[in-house]
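Below: the structure, in structure tokens.
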Amino acid sequence: MTLRPVALAAALIAASIPLAAPALAQDAIDRKVDALLKQMTLQEKVGQLHQLSGAEATGPEAAKRASQNTEIRAGNVGSMLNIKGAKDTREAQALALQSRLKIPLLFGLDVIHGYKTVFPVPIGEAASWDLEAIEQSAQVAAREAASAGIHWTFAPMVDIGRDPRWGRVMEGAGEDTYLGSKIAAARVRGFQGPKLGATDRVMATAKHFAAYGAAVAGRDYNAVDMSLQQLYEVYLPPFKASVDAGVATFMNSFNTLNGVPATGSAFLQRDILKGAWKYKGFVVSDWASVKEMVLHGYAKDLPDAAVKAINAGSDMDMEGEAYIAHLAQAVKDGKVAQKHVDDAVRRILRKKFEMGLFDDPYRFSDAQREQAVLADPRHRAIARDVARKSLVLLKNDKINGNAILPLAKNAKSIAVIGPLADSRRDLEGGWVVSDVRGEVVSILDGIRNHAQGAQISHAAACAPGCATAEGFDAAVAAAAKADVIVLAVGETWDMSGEAKSRTDIGLPGQQTELFRRLKATGKPVVAVLFAGRPMIFNEIADNADAILYAWFPGSEGGNAVADVLFGDYNPSAKLPATFPRNLGQIPISYAQYNTGRPVTSEKDIVYRSAYIDSPNTPRYAFGHGKSYTEFGYSGVQLDRTILRPGQTATLSFELQNKGKVAGTEIAQLYIRDTVASVVRPVKELKGFTKVHLQPGERRRVTFTIDRDTLSFFNGDLKWGAEPGEFKLMVGSASDDIRLETTLHLQ
Ligand code: BGC
């Protein structure tokens with residue numbers, strides 16, 4: 001099957017006939033905002049800072065809904081989340097238009113990896129290292145959501161995650177700052193398009209500001225304690241990249257950072273974001289994070305929390321009870337300057353103007369468009385393309401000289417075994433906003449679609465989670481009759497994501513035992529693993545014949561996995577995060593420091609920075625991922641060995657496809673600053689490129705290096721490069737460096 005995603009994306013734009021918001025210059029918008037602000041009472045201003053979650057219209061929540069409606073009509077609500085669909089958003093908007101000033105509501109929703117068409121979870125997409133594909137995925141999600149009345153998604157999550165116990169690594173782009181920054185910008189572009197206000201795009205949110213990914217011990221919502229240098233160098237850049245890409249909004253975070261809740265941090269929100277970065281969008285709190293400052297022990301009560309949050313630069317109170325109840329009084333009491341409230345309101349109104357909502361508050365809520373867009377079959381084709389680009393081939397052993405994958409299309413019999421083999425809901429992963437699990441292609445469906453001549457047997461062996469082994473005998477008996485076993489195991493969809501931290505990131509339940517039993521049949525076992533995080537699965541890593549890491553691949557997951565298993569797509573993905581051997585190695589990243597006692601040989605670890613019971617090296621390194629072909633790297637050249645001020649250097653090398661099938665390699669550039677005023681990591685990713693080569697084809701690949709590539713935050717938190725020697729390393733993974741050279745900075 002040939003997919004042409006770029007052409008498809010262009011066709012999407014042409015077909016959707018999006019309405020652009022009327023083109024108003026920024027100063028014209030500012031004048032309108034000021035004029036409106038002048039008419040607003042203090043209470044109406046505070047209303048704009050209040051965001052409420054929608055509730056069901058019937059059942060026990062009906063009373064809440066009725067009181068919300070009253071609040072909206074009174075002008076006490078600026079935005080709602082968790083309301084969707086052209087009809088429901090239209091109804092809620094109509095209430096806002098009954099308020100005195102008729103200021104339209106903004107509708108926000110967590111459109112994290114698709115609205116109706118489910119794409120791979122974000123960490124899976126990140127494994128594609130394919131910025132164009134990631135942008136398209138966000139574009140499709142935006143197009144579907146915007147057709148259903150949504151103005152604003154709470155994505156992308158740009159938190160760096162180096163602790164796979166933390167369930168929310170699923171929502172991000174992995175461990176690396178450089179890759180994470182590129183992906184953050186791609187997602188913002190995909191969601192928002194070139195200019196806010198088109199009816200097939202939505203506003204994006206860079207979240208969670210900041211350092212949420214570094215929660216102590218990987219426990220969600222936990223405290224964060226880190227040096228400012230780590231903060232500036234590792235955790236902030238993806239946020240800065242989002243600002244540079246024009247992200248409309250920011251969301252702050254639940255955690256404390258060095259003792260201060262991010263929601264109450266003027267350092268983060270006023271000094272860095274709105275100060276140094278000159279950010280003009282608005283900051284929404286995380287869910288009730290203003291109120292939670294009381295529990296943190298940072299605010300004495302709700303009124304105090306409201307004062308501390310607004311003074312620190314949190315503009316909108318999500319599902320908040322603090323601002324709406326206490327802010328007006330705090331202004332009257334002189335605890336909050338009027339200018340802080342005005343600034344927050346201005347930022348929010350500006351976005352409402354930019355989205356064209358004052359011209360037509362219903363422009364996103366069009367039932368006809370909703371129906372047409374949500375039925376667009378092209379979205380599925382794009383989802384399949386992104387999904388197969390996200391599948392990481394971790395292992396592919398040879399049996400009698402032949403690699404186990406790809407499977408022959410004319411394979412006689414395949415046993416498709418495991419609790420996730422015919423699961424639909426699990427393939428979607430967390431943060432799914434439409435219930436469309438019936439439309440998901442399972443692994444079994446995908447294999448059946450591909451291997452139509454083969455005899456396919458199937459046994460779940462146990463339910464997702466695999467608590468009991470009762471079904472194992474039957475599954476093993478079925479498997480023993482087949483030529484090859486495809487084993488689909490992993491986390492269930494709800495084992496990663498928010499509030500899903502785990503102290504054991506192994507395969508849940510009895511799934512390793514199931515593998516052991518299947519392996520004992522002597523038949524080759526291809527393990528397809530599903531998860532929202534790096535897992536630890538040493539027994540499978542050692543003994544499976546092939547391993548495909550599928551993350552949660554989305555609506556088209558089964559087809560995408562089968563595309564790879566049968567060789568219709570040659571896998572190209574690379575891990576965006578390190579896979580540890582054991583829990584004791586966590587937190588772990590390739591970008592570590594050398595220490596004064598580095599391990600240079602596993603045989604010599606005494607009084608070295610080592611473990612006595614485990615190697616330091618991970619199970620699978622950042623950047624690892626195999627292909628059905630082999631790539632050769634040779635002929636490294638540097639056009640200059642000394643880099644003087646104002647110059648750039650070009651590193652080039654020859655990449656060759658040495659195998660028999662076409663394939664795509666993601667070549668990676670790492671640097672090491674060998675001596676600096678602050679010690680530098682042993683490797684830092686500074687470039688990557690995705691190259692498609694026919695069998696035997698060679699291509700010269702280049703990376704450009706400038707002063708910025710060599711810069712870092714020094715001890716005074718100043719960005720700059722220090723003269724000296726830099727090692728440049730090019731390779732296929734962070735632990736598979738093929739070429740090295742040296743550059744001197746003057
Ligand atoms: C999460 C956010 C999310 C918000 C709204 C919070 O619990 O931390 O990421 O956007 O809920 O659903």
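Within each chain, counting starts at residue 1; across the structure tokens, chains are named A, B, ... in the order shown, with ligands numbered 1 upward in that order.
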Residues near A:Ala328, cut-off 7 Å, only C-alpha atoms, skip fewer than 2 positions along chain, as a PyMOL selection string
chain A and resi 42-43+46+326+330-332
Applying 7 Å and only C-alpha atoms, which residues near A:Asp673 remain after dropping the ones on its own chain fewer than 5 positions away? List them as a ChimeraX atom specification.
/A:680,725-727
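The smallest atom-to-atom distance between ligand 1 and any of A:Ala262, A:Met157, A:Val283, A:Met535, using only C-alpha atoms and all ligand atoms, is found for A:Met157.
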Residues at most 9 Å from ligand 1, using only C-alpha atoms and all ligand atoms? Could they come as a VMD selection string?
chain A and resid 53 81 to 82 108 to 112 153 to 155 157 171 205 207 to 208 221 251 253 to 254 285 to 289 318 to 319 498 to 499
Do a neighbour search on A:Pro524 at 10 Å with only C-alpha atoms, toss out local chain neighbours closer than 6 positions, and write the hits as a list of chain:residue names.
A:Asp397, A:Ile399, A:Ile404, A:Ala482, A:Asp483, A:Val484, A:Ile485, A:Val486, A:Leu518, A:Asn543, A:Ala544, A:Asp545, A:Ala546
Atoms to include: N, CA, C and O atoms. Write the selected residues as a short mmCIF file (atom, residue, chain, number, x, y, z; two decimals), in the first residue's frame.
data_model
loop_
_atom_site.label_atom_id
_atom_site.label_comp_id
_atom_site.auth_asym_id
_atom_site.auth_seq_id
_atom_site.Cartn_x
_atom_site.Cartn_y
_atom_site.Cartn_z
N ASP A 397 16.53 -11.46 15.16
CA ASP A 397 17.56 -12.49 15.07
C ASP A 397 17.44 -13.29 13.77
O ASP A 397 16.40 -13.30 13.13
N ILE A 399 17.53 -17.00 11.95
CA ILE A 399 17.40 -18.44 12.16
C ILE A 399 17.84 -19.09 10.85
O ILE A 399 17.32 -18.75 9.79
N ILE A 404 14.27 -13.34 11.13
CA ILE A 404 12.91 -13.82 11.38
C ILE A 404 11.86 -12.86 10.78
O ILE A 404 10.83 -13.29 10.27
N ALA A 482 1.66 -23.90 14.97
CA ALA A 482 1.93 -22.88 13.95
C ALA A 482 3.40 -22.85 13.56
O ALA A 482 4.25 -23.40 14.26
N ASP A 483 3.72 -22.18 12.45
CA ASP A 483 5.12 -22.02 12.03
C ASP A 483 5.80 -20.92 12.83
O ASP A 483 7.00 -20.95 13.05
N VAL A 484 5.03 -19.91 13.18
CA VAL A 484 5.61 -18.78 13.90
C VAL A 484 4.55 -18.22 14.85
O VAL A 484 3.35 -18.29 14.57
N ILE A 485 5.05 -17.70 15.97
CA ILE A 485 4.13 -17.14 16.97
C ILE A 485 4.31 -15.62 17.03
O ILE A 485 5.44 -15.14 17.17
N VAL A 486 3.22 -14.89 16.90
CA VAL A 486 3.27 -13.44 17.15
C VAL A 486 2.61 -13.24 18.50
O VAL A 486 1.45 -13.59 18.69
N LEU A 518 5.50 -20.18 25.65
CA LEU A 518 5.45 -20.19 24.17
C LEU A 518 6.83 -20.49 23.59
O LEU A 518 6.97 -21.25 22.64
N ASN A 543 15.47 -13.63 24.87
CA ASN A 543 15.07 -14.90 24.23
C ASN A 543 14.09 -14.81 23.08
O ASN A 543 13.90 -15.79 22.37
N ALA A 544 13.41 -13.68 22.91
CA ALA A 544 12.49 -13.59 21.77
C ALA A 544 13.33 -13.58 20.50
O ALA A 544 14.49 -13.15 20.50
N ASP A 545 12.75 -14.03 19.40
CA ASP A 545 13.50 -14.03 18.14
C ASP A 545 13.46 -12.65 17.48
O ASP A 545 14.39 -12.26 16.79
N ALA A 546 12.38 -11.96 17.68
CA ALA A 546 12.29 -10.58 17.18
C ALA A 546 11.39 -9.80 18.13
O ALA A 546 10.51 -10.37 18.78
#
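The spacing separating atom CA of A:Met729 from atom CA of A:Gly124 amounts to 25.6 Å.
Between atom CA of A:Thr741 and atom CA of A:Gly596 lies a distance of 23.7 Å.
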Do you know which residues are at most 10 Å from A:Pro104 counting only C-alpha atoms, after dropping those on the same chain fewer than 3 positions away, and could you put them as a ChimeraX atom specification?
/A:48,72,75,77-79,92-99,101,107,349,352-353,357-362
Give me every alpha helix (DSSP H) residue in stretch 417-592 of chain A, going by DSSP on the backbone, as a PyMOL selection string.
chain A and resi 425-428+443-450+472-480+511-519+538-543+557-565
